[in-house]
file target.csv (CSV, C-alpha atoms)
chain,number,residue,atom,x,y,z
Y,1,MET,CA,0.0,0.0,0.0
Y,2,ALA,CA,2.8,2.4,0.9
Y,3,GLN,CA,4.6,1.6,-2.3
Y,4,THR,CA,1.5,2.3,-4.3
Y,5,LEU,CA,1.1,5.7,-2.6
Y,6,ARG,CA,4.7,6.5,-3.4
Y,7,SER,CA,4.2,5.5,-7.0
Y,8,MET,CA,1.1,7.7,-7.3
Y,9,LYS,CA,2.9,10.7,-5.7
Y,10,LYS,CA,5.8,10.2,-8.1
Y,11,ARG,CA,3.5,10.1,-11.1
Y,12,ARG,CA,1.8,13.3,-9.9
Y,13,LYS,CA,5.1,15.0,-9.6
Y,14,TRP,CA,6.1,14.0,-13.1
Y,15,ALA,CA,2.8,15.1,-14.4
Y,16,MET,CA,3.1,18.5,-12.7
Y,17,ALA,CA,6.6,18.9,-14.0
Y,18,ALA,CA,5.4,18.1,-17.6
Y,19,ARG,CA,2.7,20.7,-17.3
Y,20,ILE,CA,5.2,23.3,-16.1
Y,21,VAL,CA,7.6,22.5,-18.9
Y,22,LEU,CA,4.7,22.7,-21.5
Y,23,ALA,CA,3.5,26.0,-20.0
Y,24,LEU,CA,7.0,27.4,-20.2
Y,25,VAL,CA,7.4,26.3,-23.9
Y,26,VAL,CA,4.1,27.8,-24.8
Y,27,LEU,CA,4.9,31.0,-23.0
Y,28,ALA,CA,8.3,31.3,-24.7
Y,29,TYR,CA,6.7,30.6,-28.1
Y,30,ALA,CA,4.1,33.4,-27.5
Y,31,LEU,CA,6.5,36.0,-26.1
Y,32,PHE,CA,9.5,35.5,-28.3
Y,33,PRO,CA,8.2,37.7,-31.2
Y,34,VAL,CA,7.5,40.5,-28.8
Y,35,ILE,CA,10.9,40.2,-27.2
Y,36,TRP,CA,12.5,40.1,-30.6
Y,37,ILE,CA,10.7,43.3,-31.7
Y,38,PHE,CA,11.5,45.0,-28.5
Y,39,SER,CA,15.2,44.1,-29.0
Y,40,ALA,CA,15.0,45.5,-32.5
Y,41,SER,CA,13.5,48.8,-31.2
Y,42,LEU,CA,16.5,49.2,-28.9
Y,43,ASP,CA,19.1,48.4,-31.6
Y,44,PRO,CA,20.7,51.7,-33.0
Y,45,ARG,CA,22.0,49.9,-36.1
Y,46,ASN,CA,18.5,49.6,-37.7
Y,47,THR,CA,19.2,46.3,-39.4
Y,48,LEU,CA,17.5,43.0,-39.9
Y,49,VAL,CA,20.6,41.0,-40.9
Y,50,ASN,CA,22.8,41.4,-37.9
Y,51,GLN,CA,20.1,41.8,-35.3
Y,52,SER,CA,20.8,40.0,-32.0
Y,53,LEU,CA,18.6,39.3,-29.0
Y,54,ILE,CA,20.7,41.6,-26.8
Y,55,PRO,CA,21.8,44.4,-29.1
Y,56,PRO,CA,25.1,46.3,-28.5
Y,57,ARG,CA,24.8,49.9,-27.3
Y,58,ALA,CA,21.1,49.5,-26.8
Y,59,ASN,CA,19.2,52.8,-26.2
Y,60,PHE,CA,15.9,54.4,-26.7
Y,61,ASP,CA,16.8,56.7,-29.6
Y,62,ASN,CA,14.3,55.0,-31.9
Y,63,TYR,CA,11.5,55.9,-29.5
Y,64,VAL,CA,12.7,59.5,-29.4
Y,65,ARG,CA,12.9,59.6,-33.2
Y,66,LEU,CA,9.4,58.1,-33.4
Y,67,PHE,CA,7.9,61.2,-31.7
Y,68,THR,CA,10.3,63.9,-33.0
Y,69,SER,CA,10.9,63.1,-36.7
Y,70,ASP,CA,9.2,65.4,-39.2
Y,71,LEU,CA,8.9,62.5,-41.7
Y,72,LEU,CA,6.9,60.4,-39.2
Y,73,PRO,CA,3.6,61.9,-37.8
Y,74,PHE,CA,3.3,58.9,-35.5
Y,75,ARG,CA,1.1,60.6,-32.9
Y,76,GLN,CA,-1.4,61.7,-35.6
Y,77,TRP,CA,-1.5,58.2,-37.0
Y,78,LEU,CA,-2.0,56.7,-33.6
Y,79,LEU,CA,-4.8,59.2,-32.8
Y,80,ASN,CA,-6.4,58.5,-36.2
Y,81,SER,CA,-6.5,54.7,-35.6
Y,82,THR,CA,-7.8,55.0,-32.1
Y,83,ARG,CA,-10.5,57.5,-33.0
Y,84,ILE,CA,-11.7,55.5,-36.0
Y,85,ALA,CA,-11.7,52.3,-34.0
Y,86,VAL,CA,-13.6,53.8,-31.0
Y,87,VAL,CA,-16.3,55.5,-33.2
Y,88,THR,CA,-16.8,52.4,-35.3
Y,89,THR,CA,-17.0,50.2,-32.2
Y,90,VAL,CA,-19.6,52.5,-30.5
Y,91,LEU,CA,-21.8,52.9,-33.6
Y,92,THR,CA,-21.6,49.2,-34.5
Y,93,LEU,CA,-22.6,48.1,-31.0
Y,94,LEU,CA,-25.6,50.4,-31.0
Y,95,MET,CA,-26.8,49.2,-34.4
Y,96,THR,CA,-26.2,45.5,-33.8
Y,97,ALA,CA,-27.9,45.7,-30.4
Y,98,PHE,CA,-31.0,47.3,-31.9
Y,99,ALA,CA,-31.0,44.8,-34.8
Y,100,ALA,CA,-30.4,41.8,-32.6
Y,101,TYR,CA,-33.2,42.8,-30.2
Y,102,ALA,CA,-35.6,43.2,-33.0
Y,103,PHE,CA,-34.7,39.9,-34.6
Y,104,SER,CA,-34.9,38.1,-31.2
Y,105,ARG,CA,-38.1,39.6,-29.7
Y,106,PHE,CA,-40.3,40.6,-32.6
Y,107,ARG,CA,-42.0,38.4,-35.2
Y,108,PHE,CA,-42.5,40.0,-38.6
Y,109,ARG,CA,-42.8,39.0,-42.2
Y,110,GLY,CA,-39.5,38.3,-43.9
Y,111,ARG,CA,-37.6,38.0,-40.6
Y,112,ARG,CA,-35.9,34.6,-41.4
Y,113,SER,CA,-35.1,35.7,-45.0
Y,114,LEU,CA,-33.6,38.9,-43.8
Y,115,LEU,CA,-31.5,37.1,-41.2
Y,116,GLN,CA,-30.2,34.7,-43.9
Y,117,THR,CA,-29.5,37.6,-46.3
Y,118,VAL,CA,-27.5,39.4,-43.6
Y,119,LEU,CA,-25.4,36.3,-43.0
Y,120,LEU,CA,-25.0,35.7,-46.7
Y,121,ILE,CA,-23.7,39.2,-47.4
Y,122,GLN,CA,-21.2,38.8,-44.6
Y,123,VAL,CA,-19.6,35.9,-46.4
Y,124,PHE,CA,-18.0,38.3,-48.9
Y,125,PRO,CA,-15.3,40.5,-47.4
Y,126,ASN,CA,-15.2,44.2,-48.1
Y,127,PHE,CA,-12.0,44.1,-50.2
Y,128,LEU,CA,-13.8,42.0,-52.8
Y,129,ASN,CA,-16.0,45.1,-53.4
Y,130,MET,CA,-13.1,47.5,-53.4
Y,131,VAL,CA,-13.9,49.1,-56.7
Y,132,ALA,CA,-17.6,49.5,-56.0
Y,133,LEU,CA,-16.9,50.9,-52.5
Y,134,PHE,CA,-14.4,53.4,-54.0
Y,135,LEU,CA,-16.9,54.6,-56.5
Y,136,ILE,CA,-19.7,54.8,-53.9
Y,137,LEU,CA,-17.6,57.1,-51.7
Y,138,GLN,CA,-16.5,59.1,-54.6
Y,139,GLN,CA,-20.1,59.8,-55.6
Y,140,LEU,CA,-21.3,60.2,-52.0
Y,141,GLY,CA,-18.6,62.9,-51.4
Y,142,ASN,CA,-20.3,65.1,-54.0
Y,143,TYR,CA,-23.3,65.4,-51.6
Y,144,VAL,CA,-21.8,64.7,-48.2
Y,145,PRO,CA,-18.2,65.9,-48.1
Y,146,TRP,CA,-17.4,64.3,-44.7
Y,147,LEU,CA,-18.3,60.9,-46.1
Y,148,SER,CA,-16.1,61.2,-49.2
Y,149,LEU,CA,-12.8,59.6,-50.2
Y,150,ASN,CA,-9.8,60.5,-48.1
Y,151,SER,CA,-12.1,61.1,-45.1
Y,152,HIS,CA,-12.4,59.2,-41.8
Y,153,GLY,CA,-16.2,59.5,-42.0
Y,154,GLY,CA,-16.2,57.5,-45.3
Y,155,LEU,CA,-13.9,54.9,-43.9
Y,156,ILE,CA,-16.0,54.5,-40.8
Y,157,LEU,CA,-19.1,54.1,-43.0
Y,158,LEU,CA,-17.4,51.2,-44.8
Y,159,TYR,CA,-16.4,49.6,-41.6
Y,160,LEU,CA,-19.9,49.8,-40.2
Y,161,GLY,CA,-21.3,48.0,-43.3
Y,162,GLY,CA,-18.8,45.2,-42.9
Y,163,ALA,CA,-19.3,44.6,-39.2
Y,164,LEU,CA,-23.1,44.3,-38.8
Y,165,GLY,CA,-23.8,40.8,-40.3
Y,166,VAL,CA,-22.0,38.3,-38.1
Y,167,ASN,CA,-22.1,40.5,-35.0
Y,168,THR,CA,-25.9,40.7,-35.3
Y,169,TRP,CA,-26.1,36.9,-35.4
Y,170,LEU,CA,-23.7,36.6,-32.5
Y,171,MET,CA,-25.6,39.1,-30.4
Y,172,LYS,CA,-29.0,37.7,-31.3
Y,173,GLY,CA,-28.0,34.3,-29.8
Y,174,PHE,CA,-27.3,36.1,-26.6
Y,175,PHE,CA,-30.6,37.9,-26.6
Y,176,ASP,CA,-32.4,34.6,-27.2
Y,177,SER,CA,-30.9,33.2,-24.0
Y,178,ILE,CA,-32.6,36.0,-21.9
Y,179,PRO,CA,-36.0,34.8,-20.7
Y,180,ARG,CA,-39.0,36.5,-22.3
Y,181,ASP,CA,-40.6,36.7,-18.8
Y,182,LEU,CA,-38.6,39.8,-18.2
Y,183,ASP,CA,-40.1,41.5,-21.2
Y,184,GLU,CA,-43.6,40.5,-20.2
Y,185,ALA,CA,-43.1,41.7,-16.6
Y,186,ALA,CA,-41.8,45.0,-17.9
Y,187,THR,CA,-44.8,45.3,-20.2
Y,188,ILE,CA,-47.2,44.6,-17.4
Y,189,ASP,CA,-45.5,47.4,-15.4
Y,190,GLY,CA,-46.2,49.8,-18.2
Y,191,ALA,CA,-42.8,49.9,-19.9
Y,192,SER,CA,-42.6,50.6,-23.6
Y,193,HIS,CA,-40.4,48.6,-26.0
Y,194,TRP,CA,-37.7,51.1,-25.7
Y,195,GLN,CA,-37.8,51.1,-21.9
Y,196,THR,CA,-37.8,47.3,-21.9
Y,197,PHE,CA,-34.7,47.3,-24.1
Y,198,TRP,CA,-32.7,50.0,-22.4
Y,199,LEU,CA,-33.6,49.5,-18.7
Y,200,VAL,CA,-34.2,45.7,-18.6
Y,201,ILE,CA,-32.4,43.9,-21.4
Y,202,PHE,CA,-29.5,46.1,-22.2
Y,203,PRO,CA,-27.8,45.8,-18.7
Y,204,LEU,CA,-28.0,42.0,-19.0
Y,205,VAL,CA,-26.3,41.8,-22.4
Y,206,ARG,CA,-23.1,43.6,-21.2
Y,207,PRO,CA,-20.8,40.5,-21.7
Y,208,ILE,CA,-21.7,40.0,-25.3
Y,209,LEU,CA,-21.4,43.8,-25.9
Y,210,VAL,CA,-17.9,43.7,-24.6
Y,211,VAL,CA,-17.0,40.7,-26.7
Y,212,VAL,CA,-18.4,42.2,-29.9
Y,213,GLY,CA,-16.9,45.5,-29.0
Y,214,LEU,CA,-13.4,44.0,-28.6
Y,215,LEU,CA,-13.6,42.1,-31.9
Y,216,ILE,CA,-14.7,45.3,-33.7
Y,217,PHE,CA,-12.1,47.5,-32.0
Y,218,VAL,CA,-9.2,45.1,-32.8
Y,219,GLY,CA,-10.4,44.4,-36.3
Y,220,THR,CA,-10.8,48.1,-37.1
Y,221,TYR,CA,-7.6,49.2,-35.4
Y,222,GLN,CA,-5.4,46.9,-37.4
Y,223,GLU,CA,-7.3,47.0,-40.7
Y,224,PHE,CA,-5.0,47.9,-43.6
Y,225,VAL,CA,-6.5,47.2,-47.1
Y,226,LEU,CA,-9.5,49.5,-47.0
Y,227,ALA,CA,-7.6,52.3,-45.2
Y,228,ARG,CA,-4.8,52.1,-47.7
Y,229,VAL,CA,-7.1,52.5,-50.7
Y,230,MET,CA,-9.5,55.1,-49.3
Y,231,LEU,CA,-7.0,57.4,-47.6
Y,232,GLN,CA,-4.5,59.4,-49.6
Y,233,ASP,CA,-3.4,62.2,-47.2
Y,234,SER,CA,-0.5,61.2,-45.0
Y,235,GLN,CA,-2.0,63.2,-42.1
Y,236,LYS,CA,-5.1,61.1,-42.3
Y,237,TYR,CA,-3.4,57.7,-42.5
Y,238,THR,CA,-4.1,55.1,-39.8
Y,239,LEU,CA,-1.2,53.6,-37.9
Y,240,ALA,CA,-1.1,50.4,-40.0
Y,241,VAL,CA,-1.0,52.3,-43.3
Y,242,GLY,CA,1.4,55.0,-42.0
Y,243,LEU,CA,4.0,52.6,-40.6
Y,244,SER,CA,3.9,50.3,-43.6
Y,245,LEU,CA,4.5,53.2,-46.0
Y,246,PHE,CA,7.2,54.7,-43.7
Y,247,VAL,CA,9.2,51.5,-43.7
Y,248,ARG,CA,8.6,50.4,-47.3
Y,249,ASP,CA,11.9,49.8,-49.1
Y,250,GLN,CA,13.7,51.4,-46.1
Y,251,TYR,CA,14.2,48.4,-43.8
Y,252,ALA,CA,17.9,49.0,-43.6
Y,253,GLN,CA,17.5,52.5,-42.2
Y,254,ARG,CA,14.1,52.4,-40.4
Y,255,TRP,CA,13.7,48.9,-39.0
Y,256,GLY,CA,14.3,50.0,-35.4
Y,257,VAL,CA,11.9,52.9,-35.6
Y,258,PHE,CA,9.3,50.7,-37.2
Y,259,ALA,CA,9.7,48.1,-34.3
Y,260,ALA,CA,9.3,50.9,-31.7
Y,261,GLY,CA,6.1,52.1,-33.5
Y,262,ALA,CA,4.7,48.6,-33.7
Y,263,LEU,CA,5.2,48.1,-29.9
Y,264,ILE,CA,3.6,51.4,-28.9
Y,265,GLY,CA,0.9,51.0,-31.5
Y,266,ALA,CA,-0.1,47.7,-29.8
Y,267,LEU,CA,-0.7,49.4,-26.4
Y,268,PRO,CA,-4.3,50.5,-27.0
Y,269,VAL,CA,-5.4,47.0,-27.9
Y,270,VAL,CA,-3.5,45.5,-24.8
Y,271,ILE,CA,-5.1,48.1,-22.5
Y,272,VAL,CA,-8.6,47.4,-23.8
Y,273,PHE,CA,-8.1,43.7,-23.3
Y,274,LEU,CA,-6.8,44.1,-19.8
Y,275,ILE,CA,-9.8,46.3,-18.9
Y,276,PHE,CA,-12.5,44.1,-20.3
Y,277,GLN,CA,-10.9,40.6,-20.0
Y,278,ARG,CA,-13.2,39.5,-17.2
Y,279,TYR,CA,-16.2,39.7,-19.6
Y,280,LEU,CA,-14.7,37.7,-22.4
Y,281,VAL,CA,-15.4,34.1,-21.3
Y,282,GLY,CA,-19.0,34.7,-20.3
Y,283,GLY,CA,-19.7,36.7,-23.3
Y,284,LEU,CA,-18.4,34.1,-25.7
Y,285,THR,CA,-20.2,31.1,-24.2
Y,286,ALA,CA,-23.5,32.5,-22.8
Y,287,GLY,CA,-25.2,32.8,-26.2
Y,288,SER,CA,-24.1,29.4,-27.5
Y,289,VAL,CA,-27.0,27.4,-26.2
Y,290,LYS,CA,-30.0,29.0,-27.9
Y,291,GLY,CA,-30.0,30.8,-31.2

call {"tool": "encode", "arguments": {"input": "target.csv", "output": "structure tokens"}}
result
Amino acid sequence: MAQTLRSMKKRRKWAMAARIVLALVVLAYALFPVIWIFSASLDPRNTLVNQSLIPPRANFDNYVRLFTSDLLPFRQWLLNSTRIAVVTTVLTLLMTAFAAYAFSRFRFRGRRSLLQTVLLIQVFPNFLNMVALFLILQQLGNYVPWLSLNSHGGLILLYLGGALGVNTWLMKGFFDSIPRDLDEAATIDGASHWQTFWLVIFPLVRPILVVVGLLIFVGTYQEFVLARVMLQDSQKYTLAVGLSLFVRDQYAQRWGVFAAGALIGALPVVIVFLIFQRYLVGGLTAGSVKG
């Protein structure tokens, strides 16, 4: 009996050691690119060929150049990306919440067909319609200048159209999981549809709002193709477009500055994830049962 207990303890120790080793391997695999980019940002040689993990004469000159160079309006690009991502996220959350509530709670003719159409349209990404979107913004700018080409309003309009489909379906599944008894109780108490939605249902769907908001924010913040085509003024570039054009064909002279910009540019996404991470698991799983 004692020998069996010792054998079980030994197996548990080996199992624990294996888990620790596996966790360290996964952690190293995940963090190595970040460490490598951080090392490149401290390397004054600005080179890809001779870069080492611990660069000689490491300093923060690349970070200083990032904010002081006249050729690199980094702060403006960072502000543009953050502003576009925040506005797109807020507007998309409002529209998808209204649409999901309507599809979940109301019964009307064409409801199923409209849901299927929304999902079908979402299958085709925006960049497949690049020429059509370009021409639409070009014509729309003749009547609404702030929604024209080379404007953040026009770019946000395109992002809104591409984000509604799948997010409406995702949010609808969460709305379906909320008991209708709450709606009926609010109606009996004299609440209108708007009061029921805003005061009763909306506080309960906070987890899925956070999940959808994070997905939209990250996707919009790092989007490149549409922003590259629709924006021509360097002062209106997003961070992804600006840094890519800044470093294009200049890796030998600008690689360290690019690495520093990439690290600082990732901070808004990291901060948003740290703030809302406690809602992620519940928001991703709560709407998966009914739909």

call {"tool": "residues_around", "arguments": {"input": "target.csv", "residues": "range 106-112 of chain Y", "least_positions_apart": "4", "cutoff": "12 Å", "atoms": "all atoms listed in the file", "output": "mmCIF file with C-alpha atoms, in the coordinates of the input"}}
result
data_model
loop_
_atom_site.group_PDB
_atom_site.id
_atom_site.type_symbol
_atom_site.label_atom_id
_atom_site.label_comp_id
_atom_site.auth_asym_id
_atom_site.auth_seq_id
_atom_site.Cartn_x
_atom_site.Cartn_y
_atom_site.Cartn_z
ATOM 1 C CA PHE Y 98 -31.000 47.300 -31.900
ATOM 2 C CA ALA Y 99 -31.000 44.800 -34.800
ATOM 3 C CA ALA Y 100 -30.400 41.800 -32.600
ATOM 4 C CA TYR Y 101 -33.200 42.800 -30.200
ATOM 5 C CA ALA Y 102 -35.600 43.200 -33.000
ATOM 6 C CA GLN Y 116 -30.200 34.700 -43.900
ATOM 7 C CA THR Y 117 -29.500 37.600 -46.300
ATOM 8 C CA VAL Y 118 -27.500 39.400 -43.600
ATOM 9 C CA LEU Y 119 -25.400 36.300 -43.000
ATOM 10 C CA TRP Y 169 -26.100 36.900 -35.400
ATOM 11 C CA LYS Y 172 -29.000 37.700 -31.300
ATOM 12 C CA PHE Y 175 -30.600 37.900 -26.600
ATOM 13 C CA ASP Y 176 -32.400 34.600 -27.200
ATOM 14 C CA ARG Y 180 -39.000 36.500 -22.300
ATOM 15 C CA ASP Y 183 -40.100 41.500 -21.200
ATOM 16 C CA HIS Y 193 -40.400 48.600 -26.000
#

call {"tool": "atom_distance", "arguments": {"input": "target.csv", "atom1": "CA of Asp61 in chain Y", "atom2": "CA of Gly256 in chain Y"}}
result
9.2 Å

call {"tool": "residues_around", "arguments": {"input": "target.csv", "residues": "range 225-228 of chain Y", "least_positions_apart": "2", "cutoff": "8 Å", "atoms": "all atoms listed in the file", "output": "mmCIF file with C-alpha atoms, in the coordinates of the input"}}
result
data_model
loop_
_atom_site.group_PDB
_atom_site.id
_atom_site.type_symbol
_atom_site.label_atom_id
_atom_site.label_comp_id
_atom_site.auth_asym_id
_atom_site.auth_seq_id
_atom_site.Cartn_x
_atom_site.Cartn_y
_atom_site.Cartn_z
ATOM 1 C CA ASN Y 126 -15.200 44.200 -48.100
ATOM 2 C CA PHE Y 127 -12.000 44.100 -50.200
ATOM 3 C CA MET Y 130 -13.100 47.500 -53.400
ATOM 4 C CA LEU Y 155 -13.900 54.900 -43.900
ATOM 5 C CA GLU Y 223 -7.300 47.000 -40.700
ATOM 6 C CA MET Y 230 -9.500 55.100 -49.300
ATOM 7 C CA LEU Y 231 -7.000 57.400 -47.600
ATOM 8 C CA GLN Y 232 -4.500 59.400 -49.600
ATOM 9 C CA TYR Y 237 -3.400 57.700 -42.500
ATOM 10 C CA THR Y 238 -4.100 55.100 -39.800
ATOM 11 C CA VAL Y 241 -1.000 52.300 -43.300
#

call {"tool": "closest_residue", "arguments": {"input": "target.csv", "among": "Y:Gln277, Y:Gln76, Y:Gln253, Y:Ser148", "to": "Asn62 in chain Y", "atoms": "all atoms listed in the file"}}
result
Y:Gln253

call {"tool": "residues_around", "arguments": {"input": "target.csv", "residues": "range 259-273 of chain Y", "least_positions_apart": "4", "cutoff": "6 Å", "atoms": "only C-alpha atoms", "output": "ChimeraX atom specification"}}
result
/Y:37,41,63,277

call {"tool": "residues_around", "arguments": {"input": "target.csv", "residues": "Gln235 in chain Y", "least_positions_apart": "3", "cutoff": "12 Å", "atoms": "only C-alpha atoms", "output": "JSON, numbers by chain"}}
result
{"Y": [70, 71, 72, 73, 74, 75, 76, 77, 78, 79, 80, 81, 150, 151, 152, 231, 232, 238, 239, 241, 242]}
